There are 2 protein chains.
Amino acid sequence: MTVLALTGGVGGAKLALGLAHVLEPDDLVFVVNTGDDFEHLGFHVCPDVDTLTYTLAGAANPETGWGRTDESWHFMEALGQLGGETWFRLGDRDLALHVRRRALLAQGRDLTEVTAVLARSLSIRHRILPMSNDPVRTQVHTPDGPLAFQHYFVRDRCQPTASGFDFAGAESATVNPMIPFAGVRATVICPSNPFVSVDPILAVPGMCESLLETGAPVVAVSPIVGGRAIKGPTAKMMREMGMPATTVEVARHYVGRATHFVVDEVDAESEGRVRALGFETAVAQTVMTSLQDRVDLARAVLDFVA
Amino acid sequence: MTVLALTGGVGGAKLALGLAHVLEPDDLVFVVNTGDDFEHLGFHVCPDVDTLTYTLAGAANPETGWGRTDESWHFMEALGQLGGETWFRLGDRDLALHVRRRALLAQGRDLTEVTAVLARSLSIRHRILPMSNDPVRTQVHTPDGPLAFQHYFVRDRCQPTASGFDFAGAESATVNPMIPFAGVRATVICPSNPFVSVDPILAVPGMCESLLETGAPVVAVSPIVGGRAIKGPTAKMMREMGMPATTVEVARHYVGRATHFVVDEVDAESEGRVRALGFETAVAQTVMTSLQDRVDLARAVLDFVA
């Protein structure tokens, strides 16, 4: 019986790492957001897939939250001197992954196969599946019109006001056929941004239905703790879209799409209101600082849905 | 009145640098071999254009004879770990030039325009013109069949026996239309490899004729000194093709394609035999160690054809 873990960037990757320490490669499959993928400098950039890949490989950069450890920036420095675009930082070693990905894609392999080859070359044993092999591109609605996600997130540092999001291409995208819906014992929605990390995954036609039709619990872990986002613009986005930045609102966002919900200990008093929305609930320490925190939360979530 | 300098890799770039110190940007145009260009790791690699570019920018790597100064190799190291090809070395900073070139080519610019943009970004004031914007690919004939040039030169370290060469695509290539044949006061064939650096340039239909039709001297500087090549496989190739590795044989190779020939002081006794082949001749110190050597040879060659 398999556990599916839906994940996006840094926040989700923390719980993903915990789950990878608790579950064997045959028992855990990661389904990763590709809504913030984009073409840049001639490379196919997959920020969330790479964050998870580097995290599972023990090569994620703890300072930046993206990219690799032991990284250098000579390429970027020289590119700037040559008049190239430098707002999206690709380190010298990270660049190797992108050159390799392009070469593999050029061989006609799909993103799933390419991701698997790269993961294997980094000795990763768990399966990392892009949500779809088809392009889905998250766009942020701002007062100045739609912004491609990385332009909003990296170039503009999340400063524009976000009034909403859409996922270009989602309607015609196909759910990754490698996702083993049959035999799923639980789906874990990691504490990633609900709007730009999880929603793109659930926006692929059939994804949400297939998860619920497994009959297994779909458990979401709140990325909002004590009214704040552990990392990233989740709380800011909620305020800008006119919803209070609370764990209850996150739960409301998942009504009809998840069955179980985990609130942090500091939000224990909200558990009743979340349950009132129709969720099975659990309270746990969801702020993950150490590896032990990640493993403990993974265990708590799995026990909850066991 | 313009001087055209035909050049290939390191050997030619030495005299090219000397010429650039002696002649103003308006008075000197470089015509560069692109026969050893190739597509690698998804990049368009132009070894000779880049060697000249980095040399004129003062950024050429003096140890390697290719690539940049102050280079690092983290990309290559990581690429190897990911199972990528590492036989052709692209440094972290050099990679920026290749990413930039691809971006500019992807905008639909031709190689001449792209080369000019990159040269300007490195503050180079002289014009660097690829011999053609069309692909010409040097192939080396070996006992095991034809070998793409970089595979022969870099991957196999010139070890295969070379029985001859051909320049795939040359027959349908067009001479770079930016070459200012009108108003040429001299053409200098730099001391590059006659077979794989200069011949591809002269193999572009109309190039040789256009140079001779200017009526201006076409002066070749011997890359063979005292029976040895200063650098590279020229002497080895000559022996393998059954010709003695002498300056006289190099001159014979240019019969009907050049009008003037410069032999090194150590080959002064060969001057008569070269003159007998129909060349105007001069003797000069052609081995360039210092910058002053480069400038002195440039002056000597220009005085010779003045």
# chains A, B, ... in the order shown; residues from 1 in each chain; ligands from 1

$ residues_around --residues "Ala268 of chain A" --least-positions-apart "4" --cutoff "8 Å" --atoms "only C-alpha atoms" --output "ChimeraX atom specification"
/A:263-264,283

$ write_last_selection --atoms "N, CA and C atoms" --output "mmCIF file, in the first residue's frame"
data_model
loop_
_atom_site.group_PDB
_atom_site.id
_atom_site.type_symbol
_atom_site.label_atom_id
_atom_site.label_comp_id
_atom_site.auth_asym_id
_atom_site.auth_seq_id
_atom_site.Cartn_x
_atom_site.Cartn_y
_atom_site.Cartn_z
ATOM 1 N N VAL A 263 -3.759 20.487 12.270
ATOM 2 C CA VAL A 263 -3.485 21.857 12.702
ATOM 3 C C VAL A 263 -2.298 21.820 13.669
ATOM 4 N N ASP A 264 -1.604 22.931 13.720
ATOM 5 C CA ASP A 264 -0.459 22.992 14.626
ATOM 6 C C ASP A 264 -0.934 23.167 16.073
ATOM 7 N N VAL A 283 -4.032 17.332 15.942
ATOM 8 C CA VAL A 283 -3.170 18.444 16.330
ATOM 9 C C VAL A 283 -1.745 17.892 16.417
#

$ residues_around --residues "Ala306 of chain B" --least-positions-apart "2" --cutoff "10 Å" --atoms "only C-alpha atoms" --output "PyMOL selection string"
chain B and resi 185-186+216-217+300-304

$ write_last_selection --atoms "C-alpha atoms" --output "mmCIF file, in the first residue's frame"
data_model
loop_
_atom_site.group_PDB
_atom_site.id
_atom_site.type_symbol
_atom_site.label_atom_id
_atom_site.label_comp_id
_atom_site.auth_asym_id
_atom_site.auth_seq_id
_atom_site.Cartn_x
_atom_site.Cartn_y
_atom_site.Cartn_z
ATOM 1 C CA ARG B 185 45.070 46.564 -48.710
ATOM 2 C CA ALA B 186 46.300 43.171 -47.563
ATOM 3 C CA ALA B 216 46.110 43.188 -52.673
ATOM 4 C CA PRO B 217 48.816 40.895 -51.302
ATOM 5 C CA ALA B 300 57.080 42.972 -39.939
ATOM 6 C CA VAL B 301 54.246 41.350 -41.903
ATOM 7 C CA LEU B 302 52.535 44.694 -42.565
ATOM 8 C CA ASP B 303 55.836 46.311 -43.636
ATOM 9 C CA PHE B 304 56.449 43.371 -45.966
#

$ interface_residues --of "chain A" --to "chain B" --cutoff "6 Å" --atoms "only C-alpha atoms" --output "ChimeraX atom specification"
/A:74-75,78-79,82,92-93,96,121

$ write_last_selection --atoms "C-alpha atoms" --output "JSON list (two decimals), in the first residue's frame"
[["chain", "number", "residue", "atom", "x", "y", "z"],
["A", 74, "HIS", "CA", 30.88, 32.15, -11.44],
["A", 75, "PHE", "CA", 28.50, 31.42, -14.31],
["A", 78, "ALA", "CA", 30.05, 36.11, -16.05],
["A", 79, "LEU", "CA", 26.55, 36.05, -17.54],
["A", 82, "LEU", "CA", 27.89, 39.56, -20.85],
["A", 92, "ASP", "CA", 27.47, 26.49, -11.37],
["A", 93, "ARG", "CA", 26.60, 23.02, -10.07],
["A", 96, "ALA", "CA", 24.73, 20.86, -14.62],
["A", 121, "SER", "CA", 22.06, 9.80, -10.70]]

$ select_by_dssp --residues "segment 270-304 of chain A" --states "strand (DSSP E or B)" --output "PyMOL selection string"
chain A and resi 280-284

$ closest_residue --among "A:Asp166, A:Asp26, A:Asp36, A:Glu113" --to "Phe153 of chain A" --atoms "only C-alpha atoms"
A:Asp36

$ select_by_dssp --residues "segment 99-156 of chain A" --states "helix (DSSP H, G or I)" --output "list in words"
Val99, Arg100, Arg101, Arg102, Ala103, Leu104, Leu105, Ala106, Leu111, Thr112, Glu113, Val114, Thr115, Ala116, Val117, Leu118, Ala119, Arg120, Ser121, Phe149, Gln150, His151, Tyr152, Phe153, Val154 and Arg155 of chain A

$ residues_around --residues "segment 223-228 of chain B" --least-positions-apart "5" --cutoff "10 Å" --atoms "only C-alpha atoms" --output "JSON, numbers by chain"
{"B": [11, 12, 190, 191, 192, 193, 194, 233, 234, 235, 236, 244, 245, 246, 247, 248, 249, 250, 251, 262, 263, 264, 265, 266, 267, 268, 285, 286, 287]}

$ closest_residue --among "A:Ala60, A:Met238, A:Pro143, A:Val221" --to "Val198 of chain A" --atoms "only C-alpha atoms"
A:Val221

$ atom_distance --atom1 "atom CA of Val255 of chain A" --atom2 "atom CA of Ser222 of chain A"
13.0 Å

$ closest_residue --among "A:Thr115, A:Arg109, A:Val22, A:Ala182" --to "Val295 of chain A" --atoms "only C-alpha atoms"
A:Val22

$ atom_distance --atom1 "atom CA of Gly9 of chain B" --atom2 "atom CA of Gly242 of chain B"
24.0 Å

$ atom_distance --atom1 "atom CA of Ile179 of chain A" --atom2 "atom CA of Phe30 of chain A"
8.8 Å

$ residues_around --residues "Asn61 of chain B" --least-positions-apart "6" --cutoff "10 Å" --atoms "only C-alpha atoms" --output "PyMOL selection string"
chain B and resi 51+54-55+67-71

$ write_last_selection --atoms "N, CA, C and O atoms" --output "tab-separated table (two decimals), in the first residue's frame"
chain	number	residue	atom	x	y	z
B	51	THR	N	38.33	31.63	-29.03
B	51	THR	CA	39.76	31.82	-28.71
B	51	THR	C	40.19	33.23	-29.09
B	51	THR	O	40.85	33.93	-28.31
B	54	TYR	N	38.32	35.81	-26.65
B	54	TYR	CA	38.94	35.88	-25.32
B	54	TYR	C	40.35	36.48	-25.41
B	54	TYR	O	40.78	37.21	-24.51
B	55	THR	N	41.07	36.18	-26.50
B	55	THR	CA	42.43	36.73	-26.65
B	55	THR	C	42.38	38.24	-26.76
B	55	THR	O	43.09	38.96	-26.06
B	67	GLY	N	39.63	28.56	-23.77
B	67	GLY	CA	38.84	28.94	-22.60
B	67	GLY	C	39.33	30.23	-21.96
B	67	GLY	O	40.16	30.94	-22.53
B	68	ARG	N	38.81	30.51	-20.78
B	68	ARG	CA	39.02	31.79	-20.11
B	68	ARG	C	40.04	31.74	-19.00
B	68	ARG	O	40.29	30.69	-18.43
B	69	THR	N	40.55	32.92	-18.67
B	69	THR	CA	41.37	33.04	-17.47
B	69	THR	C	40.43	32.94	-16.26
B	69	THR	O	39.22	33.07	-16.41
B	70	ASP	N	41.02	32.77	-15.10
B	70	ASP	CA	40.26	32.84	-13.86
B	70	ASP	C	39.01	31.96	-13.95
B	70	ASP	O	37.91	32.38	-13.61
B	71	GLU	N	39.21	30.74	-14.45
B	71	GLU	CA	38.10	29.84	-14.69
B	71	GLU	C	37.93	28.85	-13.54
B	71	GLU	O	38.88	28.57	-12.80
